[in-house]
>>> print(open('work.pdb').read())   # PDB, C-alpha atoms
ATOM      1  CA  MET F   1     -29.711  28.253 -28.890
ATOM      2  CA  HIS F   2     -26.268  26.683 -29.200
ATOM      3  CA  SER F   3     -24.543  26.987 -32.520
ATOM      4  CA  ALA F   4     -23.040  24.008 -34.309
ATOM      5  CA  SER F   5     -19.523  25.398 -33.960
ATOM      6  CA  GLN F   6     -19.953  25.857 -30.214
ATOM      7  CA  SER F   7     -21.175  22.280 -29.927
ATOM      8  CA  ARG F   8     -18.109  21.015 -31.776
ATOM      9  CA  GLY F   9     -15.838  22.977 -29.459
ATOM     10  CA  LYS F  10     -17.538  21.341 -26.499
ATOM     11  CA  ASP F  11     -17.109  17.958 -28.188
ATOM     12  CA  PHE F  12     -13.354  18.481 -28.419
ATOM     13  CA  ALA F  13     -13.108  19.750 -24.858
ATOM     14  CA  GLY F  14     -15.143  16.807 -23.560
ATOM     15  CA  ALA F  15     -13.115  14.349 -25.624
ATOM     16  CA  GLY F  16      -9.879  15.759 -24.241
ATOM     17  CA  LEU F  17     -11.188  15.530 -20.702
ATOM     18  CA  LEU F  18     -12.275  11.916 -21.228
ATOM     19  CA  VAL F  19      -8.890  10.946 -22.679
ATOM     20  CA  ALA F  20      -7.001  12.690 -19.865
ATOM     21  CA  THR F  21      -9.181  11.148 -17.151
ATOM     22  CA  GLY F  22      -8.961   7.720 -18.758
ATOM     23  CA  ALA F  23      -5.198   7.941 -19.084
ATOM     24  CA  GLY F  24      -4.890   8.964 -15.444
ATOM     25  CA  ALA F  25      -7.153   6.145 -14.254
ATOM     26  CA  ALA F  26      -5.336   3.552 -16.364
ATOM     27  CA  TYR F  27      -1.934   4.788 -15.219
ATOM     28  CA  LEU F  28      -2.861   4.825 -11.528
ATOM     29  CA  GLY F  29      -4.710   1.508 -11.775
ATOM     30  CA  GLY F  30      -1.647  -0.059 -13.378
ATOM     31  CA  GLY F  31       0.200   0.542 -10.123
ATOM     32  CA  TYR F  32      -1.968  -2.135  -8.508
ATOM     33  CA  HIS F  33      -2.185  -5.819  -9.338
ATOM     34  CA  VAL F  34      -4.384  -5.961 -12.468
ATOM     35  CA  GLY F  35      -4.877  -9.724 -12.689
ATOM     36  CA  THR F  36      -7.021 -11.430 -15.313
ATOM     37  CA  LEU F  37     -10.704 -11.499 -16.166
ATOM     38  CA  ASN F  38     -11.148 -14.590 -13.975
ATOM     39  CA  GLN F  39      -8.916 -13.357 -11.142
ATOM     40  CA  MET F  40      -9.365  -9.573 -11.085
ATOM     41  CA  GLY F  41      -6.914  -7.602  -9.044
ATOM     42  CA  ALA F  42      -7.398  -4.211  -7.429
ATOM     43  CA  GLY F  43      -6.196  -2.415 -10.562
ATOM     44  CA  PHE F  44      -8.391  -4.274 -13.043
ATOM     45  CA  MET F  45     -11.446  -1.999 -12.994
ATOM     46  CA  PRO F  46      -9.526   1.308 -13.053
ATOM     47  CA  VAL F  47      -7.419   0.117 -16.000
ATOM     48  CA  VAL F  48     -10.395  -1.225 -17.968
ATOM     49  CA  LEU F  49     -12.531   1.854 -17.296
ATOM     50  CA  GLY F  50      -9.591   4.122 -18.094
ATOM     51  CA  VAL F  51      -9.037   2.433 -21.447
ATOM     52  CA  LEU F  52     -12.778   2.644 -22.199
ATOM     53  CA  LEU F  53     -12.759   6.370 -21.399
ATOM     54  CA  ILE F  54      -9.805   6.857 -23.750
ATOM     55  CA  VAL F  55     -11.592   4.979 -26.551
ATOM     56  CA  ILE F  56     -14.795   6.962 -26.042
ATOM     57  CA  GLY F  57     -12.865  10.243 -25.955
ATOM     58  CA  ILE F  58     -11.019   9.442 -29.170
ATOM     59  CA  THR F  59     -14.292   8.417 -30.833
ATOM     60  CA  ILE F  60     -15.921  11.703 -29.850
ATOM     61  CA  ALA F  61     -12.916  13.679 -31.114
ATOM     62  CA  LEU F  62     -12.901  11.840 -34.443
ATOM     63  CA  THR F  63     -16.598  12.467 -35.056
ATOM     64  CA  ALA F  64     -16.460  16.182 -34.173
ATOM     65  CA  ARG F  65     -15.372  18.893 -36.547
ATOM     66  CA  PRO F  66     -13.087  21.709 -35.450
ATOM     67  CA  PRO F  67     -14.954  24.711 -34.031
ATOM     68  CA  ALA F  68     -15.299  27.816 -36.163
ATOM     69  CA  MET F  69     -13.356  30.880 -35.086
ATOM     70  CA  THR F  70     -16.619  32.759 -34.476
ATOM     71  CA  ALA F  71     -17.805  30.414 -31.698
ATOM     72  CA  PRO F  72     -16.917  32.790 -28.812
ATOM     73  CA  VAL F  73     -18.611  35.708 -30.580
ATOM     74  CA  GLU F  74     -21.739  33.643 -31.237
ATOM     75  CA  ALA F  75     -21.773  32.422 -27.636
ATOM     76  CA  VAL F  76     -21.699  35.986 -26.319
ATOM     77  CA  ARG F  77     -24.344  37.055 -28.826
ATOM     78  CA  ASN F  78     -26.613  34.196 -27.745
ATOM     79  CA  GLY F  79     -26.056  34.932 -24.055
ATOM     80  CA  ILE F  80     -24.260  31.656 -23.443
ATOM     81  CA  GLY F  81     -21.320  31.769 -21.103
ATOM     82  CA  ILE F  82     -19.580  30.082 -18.260
ATOM     83  CA  ALA F  83     -21.889  31.658 -15.698
ATOM     84  CA  THR F  84     -24.896  29.839 -17.154
ATOM     85  CA  GLU F  85     -23.126  26.502 -16.702
ATOM     86  CA  LEU F  86     -22.169  26.970 -13.054
ATOM     87  CA  ARG F  87     -25.191  25.049 -11.772
ATOM     88  CA  GLY F  88     -24.206  21.975 -13.770
ATOM     89  CA  TRP F  89     -20.568  22.177 -12.734
ATOM     90  CA  ALA F  90     -21.449  22.694  -9.071
ATOM     91  CA  CYS F  91     -23.892  19.782  -9.021
ATOM     92  CA  VAL F  92     -21.561  17.335 -10.751
ATOM     93  CA  LEU F  93     -18.632  18.258  -8.506
ATOM     94  CA  GLY F  94     -20.954  18.160  -5.489
ATOM     95  CA  GLY F  95     -22.092  14.688  -6.537
ATOM     96  CA  VAL F  96     -18.515  13.448  -6.684
ATOM     97  CA  ALA F  97     -17.748  14.993  -3.285
ATOM     98  CA  ALA F  98     -20.902  13.422  -1.821
ATOM     99  CA  PHE F  99     -19.829  10.002  -3.112
ATOM    100  CA  VAL F 100     -16.397  10.331  -1.525
ATOM    101  CA  VAL F 101     -17.713  11.460   1.860
ATOM    102  CA  LEU F 102     -20.756   9.192   2.031
ATOM    103  CA  GLY F 103     -18.813   6.247   0.632
ATOM    104  CA  GLU F 104     -16.399   6.534   3.527
ATOM    105  CA  TYR F 105     -18.958   7.149   6.266
ATOM    106  CA  GLY F 106     -22.262   5.833   4.912
ATOM    107  CA  GLY F 107     -21.634   2.982   2.480
ATOM    108  CA  LEU F 108     -22.492   2.194  -1.138
ATOM    109  CA  VAL F 109     -26.238   2.856  -1.003
ATOM    110  CA  PRO F 110     -26.219   6.389   0.441
ATOM    111  CA  ALA F 111     -23.091   7.324  -1.547
ATOM    112  CA  SER F 112     -24.559   6.165  -4.865
ATOM    113  CA  PHE F 113     -27.962   7.703  -4.242
ATOM    114  CA  ALA F 114     -26.594  11.088  -3.162
ATOM    115  CA  SER F 115     -24.057  11.214  -5.967
ATOM    116  CA  VAL F 116     -26.594  10.562  -8.713
ATOM    117  CA  PHE F 117     -29.293  12.738  -7.125
ATOM    118  CA  ILE F 118     -27.040  15.775  -6.687
ATOM    119  CA  SER F 119     -25.485  15.373 -10.148
ATOM    120  CA  ALA F 120     -28.895  15.003 -11.805
ATOM    121  CA  LEU F 121     -30.002  18.318 -10.324
ATOM    122  CA  GLY F 122     -27.360  19.975 -12.503
ATOM    123  CA  ASP F 123     -29.710  19.628 -15.460
ATOM    124  CA  ARG F 124     -31.794  22.805 -15.748
ATOM    125  CA  SER F 125     -34.888  20.785 -16.632
ATOM    126  CA  ALA F 126     -34.470  18.287 -13.773
ATOM    127  CA  SER F 127     -37.116  17.996 -11.112
ATOM    128  CA  ILE F 128     -36.543  16.666  -7.623
ATOM    129  CA  ALA F 129     -38.871  13.713  -8.253
ATOM    130  CA  ARG F 130     -37.169  12.707 -11.519
ATOM    131  CA  SER F 131     -33.726  13.113  -9.967
ATOM    132  CA  ALA F 132     -34.745  10.947  -7.003
ATOM    133  CA  ALA F 133     -36.214   8.274  -9.308
ATOM    134  CA  LEU F 134     -33.020   8.216 -11.382
ATOM    135  CA  ALA F 135     -30.905   8.026  -8.236
ATOM    136  CA  ALA F 136     -32.989   5.149  -6.849
ATOM    137  CA  ALA F 137     -32.777   3.189 -10.113
ATOM    138  CA  LEU F 138     -29.020   3.664 -10.495
ATOM    139  CA  THR F 139     -28.431   2.848  -6.831
ATOM    140  CA  ALA F 140     -30.324  -0.431  -7.260
ATOM    141  CA  PHE F 141     -28.253  -1.147 -10.384
ATOM    142  CA  ALA F 142     -25.003  -0.358  -8.531
ATOM    143  CA  VAL F 143     -25.957  -2.671  -5.663
ATOM    144  CA  LEU F 144     -26.823  -5.497  -8.045
ATOM    145  CA  VAL F 145     -23.702  -5.137 -10.176
ATOM    146  CA  PHE F 146     -21.002  -4.156  -7.698
ATOM    147  CA  HIS F 147     -22.147  -5.721  -4.440
ATOM    148  CA  TYR F 148     -23.884  -8.894  -5.577
ATOM    149  CA  GLY F 149     -22.502  -9.416  -9.097
ATOM    150  CA  LEU F 150     -18.833  -8.528  -8.692
ATOM    151  CA  GLY F 151     -18.583  -8.884  -4.913
ATOM    152  CA  VAL F 152     -16.776  -5.564  -4.513
ATOM    153  CA  PRO F 153     -15.860  -5.203  -0.823
ATOM    154  CA  PHE F 154     -17.809  -1.988  -0.323
ATOM    155  CA  PRO F 155     -20.442  -2.309   2.429
ATOM    156  CA  LEU F 156     -23.985  -1.358   1.503
ATOM    157  CA  PHE F 157     -24.334   0.655   4.705
ATOM    158  CA  ARG F 158     -21.668   1.793   7.094
ATOM    159  CA  TRP F 159     -22.588   3.438  10.358
ATOM    160  CA  GLY F 160     -20.086   5.816  11.894
TER     161      GLY F 160
END
>>> encode(input="work.pdb", output="structure tokens")
Amino acid sequence: MHSASQSRGKDFAGAGLLVATGAGAAYLGGGYHVGTLNQMGAGFMPVVLGVLLIVIGITIALTARPPAMTAPVEAVRNGIGIATELRGWACVLGGVAAFVVLGEYGGLVPASFASVFISALGDRSASIARSAALAAALTAFAVLVFHYGLGVPFPLFRWG
């Protein structure tokens, strides 16, 4: 079982990662034309999502308490270590890689489905059926929002 101090340490690490990722996305997105809410440019979504990630990261950091100095000792005592988290890391990184590759060669639908499916398998309690159902639902949501709602020029399917 995870201790409270270990959880707080993870909160700070996650918050820092969110802030860093958000800052990077906002900075890189600012290099493109941002536009307005009515006339969105190519940099609009990266900047908005980057700022949202920063806000969420700061909120998480403000609500977490600093970890106790005994957190590493308790983690070792409870048998919790980096090795037990490798499945989650591998699946999430594999999901991102699948989105990049399938987005380029397959289109939005296969890229979204594979990304969510592979990432969902990182949860130790995930089943293949539940992961596939989640992937199907989020793919349908992505198609509705990004393809039909926002008109993002990302083909649903791309062959070759």
>>> atom_distance(input="work.pdb", atom1="CA of Gly50 in chain F", atom2="CA of Ala137 in chain F")
24.5 Å
>>> residues_around(input="work.pdb", residues="Ala25 in chain F", least_positions_apart="6", cutoff="10 Å", atoms="only C-alpha atoms", output="number ranges by chain")
F: 19, 43, 45-51, 53-54
>>> closest_atom_pairs(input="work.pdb", of="range 120-144 of chain F", to="range 88-105 of chain F", cutoff="9 Å", atoms="all atoms listed in the file", output="CSV")
residue,atom,partner,partner_atom,distance
F:Ala120,CA,F:Cys91,CA,7.5
F:Leu121,CA,F:Cys91,CA,6.4
F:Gly122,CA,F:Gly88,CA,3.9
F:Asp123,CA,F:Gly88,CA,6.2
F:Arg124,CA,F:Gly88,CA,7.9
>>> closest_residue(input="work.pdb", among="F:Ala61, F:Ser115, F:Asn38, F:Phe44", to="Ala26 in chain F", atoms="only C-alpha atoms")
F:Phe44
>>> closest_residue(input="work.pdb", among="F:Gly151, F:Leu138, F:Asp11, F:Ala129", to="Leu62 in chain F", atoms="only C-alpha atoms")
F:Asp11
>>> atom_distance(input="work.pdb", atom1="CA of Ile118 in chain F", atom2="CA of Ala132 in chain F")
9.1 Å
>>> atom_distance(input="work.pdb", atom1="CA of Phe113 in chain F", atom2="CA of Ala136 in chain F")
6.2 Å
>>> residues_near_point(input="work.pdb", point="(-27.3, 3.2, -8.6)", cutoff="12 Å", atoms="all atoms listed in the file", output="MDAnalysis selection string")
chainID F and resid 99 108:117 131:147 156
>>> write_last_selection(input="work.pdb", atoms="C-alpha atoms", output="short mmCIF file (atom, residue, chain, number, x, y, z; two decimals), in the frame of the given file")
data_model
loop_
_atom_site.label_atom_id
_atom_site.label_comp_id
_atom_site.auth_asym_id
_atom_site.auth_seq_id
_atom_site.Cartn_x
_atom_site.Cartn_y
_atom_site.Cartn_z
CA PHE F 99 -19.83 10.00 -3.11
CA LEU F 108 -22.49 2.19 -1.14
CA VAL F 109 -26.24 2.86 -1.00
CA PRO F 110 -26.22 6.39 0.44
CA ALA F 111 -23.09 7.32 -1.55
CA SER F 112 -24.56 6.16 -4.86
CA PHE F 113 -27.96 7.70 -4.24
CA ALA F 114 -26.59 11.09 -3.16
CA SER F 115 -24.06 11.21 -5.97
CA VAL F 116 -26.59 10.56 -8.71
CA PHE F 117 -29.29 12.74 -7.12
CA SER F 131 -33.73 13.11 -9.97
CA ALA F 132 -34.74 10.95 -7.00
CA ALA F 133 -36.21 8.27 -9.31
CA LEU F 134 -33.02 8.22 -11.38
CA ALA F 135 -30.90 8.03 -8.24
CA ALA F 136 -32.99 5.15 -6.85
CA ALA F 137 -32.78 3.19 -10.11
CA LEU F 138 -29.02 3.66 -10.50
CA THR F 139 -28.43 2.85 -6.83
CA ALA F 140 -30.32 -0.43 -7.26
CA PHE F 141 -28.25 -1.15 -10.38
CA ALA F 142 -25.00 -0.36 -8.53
CA VAL F 143 -25.96 -2.67 -5.66
CA LEU F 144 -26.82 -5.50 -8.04
CA VAL F 145 -23.70 -5.14 -10.18
CA PHE F 146 -21.00 -4.16 -7.70
CA HIS F 147 -22.15 -5.72 -4.44
CA LEU F 156 -23.98 -1.36 1.50
#
>>> closest_residue(input="work.pdb", among="F:Phe12, F:Pro153, F:Arg158, F:Gly106", to="Thr63 in chain F", atoms="only C-alpha atoms")
F:Phe12
>>> residues_around(input="work.pdb", residues="Ala42 in chain F", least_positions_apart="4", cutoff="10 Å", atoms="all atoms listed in the file", output="PyMOL selection string")
chain F and resi 29-35+46-47+152
>>> residues_around(input="work.pdb", residues="Gly16 in chain F", least_positions_apart="5", cutoff="12 Å", atoms="only C-alpha atoms", output="CSV table (one decimal) with C-alpha atoms, in the coordinates of the input")
chain,number,residue,atom,x,y,z
F,9,GLY,CA,-15.8,23.0,-29.5
F,10,LYS,CA,-17.5,21.3,-26.5
F,11,ASP,CA,-17.1,18.0,-28.2
F,21,THR,CA,-9.2,11.1,-17.2
F,22,GLY,CA,-9.0,7.7,-18.8
F,23,ALA,CA,-5.2,7.9,-19.1
F,53,LEU,CA,-12.8,6.4,-21.4
F,54,ILE,CA,-9.8,6.9,-23.8
F,55,VAL,CA,-11.6,5.0,-26.6
F,56,ILE,CA,-14.8,7.0,-26.0
F,57,GLY,CA,-12.9,10.2,-26.0
F,58,ILE,CA,-11.0,9.4,-29.2
F,59,THR,CA,-14.3,8.4,-30.8
F,60,ILE,CA,-15.9,11.7,-29.8
F,61,ALA,CA,-12.9,13.7,-31.1
F,62,LEU,CA,-12.9,11.8,-34.4
F,64,ALA,CA,-16.5,16.2,-34.2
>>> decode(input="work.pdb", residues="range 34-68 of chain F", atoms="N, CA, C and O atoms", output="CSV table (one decimal), in the first residue's frame")
chain,number,residue,atom,x,y,z
F,34,VAL,N,-1.3,32.4,-33.5
F,34,VAL,CA,-2.2,32.0,-32.5
F,34,VAL,C,-3.7,32.3,-32.9
F,34,VAL,O,-4.6,31.5,-32.8
F,35,GLY,N,-3.9,33.5,-33.4
F,35,GLY,CA,-5.2,34.0,-33.8
F,35,GLY,C,-6.1,34.3,-32.6
F,35,GLY,O,-5.7,34.5,-31.5
F,36,THR,N,-7.4,34.2,-32.9
F,36,THR,CA,-8.4,34.5,-31.8
F,36,THR,C,-9.3,33.3,-31.7
F,36,THR,O,-9.2,32.3,-32.4
F,37,LEU,N,-10.3,33.4,-30.8
F,37,LEU,CA,-11.2,32.3,-30.6
F,37,LEU,C,-12.1,32.0,-31.8
F,37,LEU,O,-12.4,30.9,-32.2
F,38,ASN,N,-12.4,33.1,-32.6
F,38,ASN,CA,-13.2,33.0,-33.8
F,38,ASN,C,-12.3,32.6,-35.0
F,38,ASN,O,-12.8,31.9,-35.9
F,39,GLN,N,-11.1,33.0,-35.0
F,39,GLN,CA,-10.2,32.7,-36.1
F,39,GLN,C,-8.9,32.1,-35.6
F,39,GLN,O,-7.9,32.7,-35.5
F,40,MET,N,-9.0,30.8,-35.2
F,40,MET,CA,-7.9,30.1,-34.5
F,40,MET,C,-6.8,29.9,-35.5
F,40,MET,O,-7.0,29.4,-36.7
F,41,GLY,N,-5.6,30.1,-35.1
F,41,GLY,CA,-4.4,29.8,-35.9
F,41,GLY,C,-3.8,28.5,-35.5
F,41,GLY,O,-4.3,27.8,-34.6
F,42,ALA,N,-2.7,28.1,-36.1
F,42,ALA,CA,-2.1,26.8,-35.9
F,42,ALA,C,-1.6,26.7,-34.5
F,42,ALA,O,-1.5,25.7,-33.9
F,43,GLY,N,-1.2,27.8,-33.8
F,43,GLY,CA,-0.7,27.8,-32.5
F,43,GLY,C,-1.7,27.9,-31.4
F,43,GLY,O,-1.4,27.9,-30.2
F,44,PHE,N,-3.0,28.1,-31.7
F,44,PHE,CA,-4.0,28.4,-30.7
F,44,PHE,C,-4.1,27.2,-29.7
F,44,PHE,O,-4.1,27.4,-28.5
F,45,MET,N,-4.4,26.0,-30.3
F,45,MET,CA,-4.6,24.8,-29.4
F,45,MET,C,-3.4,24.5,-28.5
F,45,MET,O,-3.5,24.3,-27.3
F,46,PRO,N,-2.1,24.5,-29.1
F,46,PRO,CA,-1.0,24.2,-28.2
F,46,PRO,C,-0.8,25.2,-27.1
F,46,PRO,O,-0.5,24.9,-26.0
F,47,VAL,N,-1.1,26.5,-27.4
F,47,VAL,CA,-0.9,27.5,-26.4
F,47,VAL,C,-2.0,27.4,-25.3
F,47,VAL,O,-1.7,27.4,-24.1
F,48,VAL,N,-3.3,27.2,-25.7
F,48,VAL,CA,-4.3,27.0,-24.7
F,48,VAL,C,-4.1,25.8,-23.9
F,48,VAL,O,-4.3,25.8,-22.7
F,49,LEU,N,-3.8,24.6,-24.5
F,49,LEU,CA,-3.6,23.4,-23.8
F,49,LEU,C,-2.4,23.5,-22.9
F,49,LEU,O,-2.4,23.0,-21.8
F,50,GLY,N,-1.3,24.2,-23.4
F,50,GLY,CA,-0.2,24.4,-22.5
F,50,GLY,C,-0.5,25.2,-21.3
F,50,GLY,O,0.0,24.9,-20.2
F,51,VAL,N,-1.2,26.3,-21.4
F,51,VAL,CA,-1.6,27.1,-20.3
F,51,VAL,C,-2.5,26.3,-19.3
F,51,VAL,O,-2.3,26.4,-18.1
F,52,LEU,N,-3.4,25.5,-19.9
F,52,LEU,CA,-4.3,24.7,-19.0
F,52,LEU,C,-3.4,23.6,-18.2
F,52,LEU,O,-3.7,23.4,-17.0
F,53,LEU,N,-2.4,23.1,-18.9
F,53,LEU,CA,-1.5,22.1,-18.2
F,53,LEU,C,-0.8,22.8,-17.1
F,53,LEU,O,-0.6,22.3,-16.0
F,54,ILE,N,-0.3,24.0,-17.3
F,54,ILE,CA,0.4,24.8,-16.3
F,54,ILE,C,-0.5,25.1,-15.1
F,54,ILE,O,-0.2,24.9,-13.9
F,55,VAL,N,-1.8,25.5,-15.4
F,55,VAL,CA,-2.7,25.8,-14.3
F,55,VAL,C,-3.0,24.5,-13.5
F,55,VAL,O,-3.1,24.5,-12.3
F,56,ILE,N,-3.2,23.4,-14.2
F,56,ILE,CA,-3.5,22.1,-13.5
F,56,ILE,C,-2.3,21.7,-12.6
F,56,ILE,O,-2.4,21.3,-11.5
F,57,GLY,N,-1.1,21.8,-13.2
F,57,GLY,CA,0.1,21.5,-12.5
F,57,GLY,C,0.3,22.3,-11.2
F,57,GLY,O,0.6,21.8,-10.1
F,58,ILE,N,0.1,23.6,-11.3
F,58,ILE,CA,0.2,24.5,-10.2
F,58,ILE,C,-0.9,24.1,-9.1
F,58,ILE,O,-0.6,24.1,-7.9
F,59,THR,N,-2.1,23.8,-9.6
F,59,THR,CA,-3.2,23.5,-8.6
F,59,THR,C,-2.8,22.2,-7.9
F,59,THR,O,-3.0,22.1,-6.7
F,60,ILE,N,-2.3,21.2,-8.6
F,60,ILE,CA,-1.9,20.0,-7.9
F,60,ILE,C,-0.7,20.2,-6.9
F,60,ILE,O,-0.8,19.7,-5.8
F,61,ALA,N,0.2,21.1,-7.3
F,61,ALA,CA,1.3,21.4,-6.4
F,61,ALA,C,0.9,22.1,-5.1
F,61,ALA,O,1.3,21.9,-4.0
F,62,LEU,N,-0.1,23.0,-5.3
F,62,LEU,CA,-0.6,23.8,-4.2
F,62,LEU,C,-1.4,22.9,-3.2
F,62,LEU,O,-1.5,23.2,-2.0
F,63,THR,N,-2.1,21.9,-3.7
F,63,THR,CA,-2.9,21.0,-2.8
F,63,THR,C,-2.1,19.9,-2.2
F,63,THR,O,-2.6,19.2,-1.4
F,64,ALA,N,-0.9,19.7,-2.7
F,64,ALA,CA,-0.1,18.6,-2.1
F,64,ALA,C,0.8,19.1,-1.0
F,64,ALA,O,1.2,20.3,-1.0
F,65,ARG,N,1.1,18.3,-0.1
F,65,ARG,CA,2.0,18.6,1.0
F,65,ARG,C,3.4,18.0,0.6
F,65,ARG,O,3.5,17.1,-0.1
F,66,PRO,N,4.5,18.6,1.2
F,66,PRO,CA,5.8,18.1,0.9
F,66,PRO,C,5.9,16.7,1.4
F,66,PRO,O,5.4,16.3,2.4
F,67,PRO,N,6.7,15.8,0.7
F,67,PRO,CA,6.8,14.4,1.1
F,67,PRO,C,7.7,14.4,2.3
F,67,PRO,O,8.6,15.2,2.5
F,68,ALA,N,7.5,13.4,3.2
F,68,ALA,CA,8.3,13.2,4.4
F,68,ALA,C,9.6,12.6,3.9
F,68,ALA,O,9.7,12.0,2.9
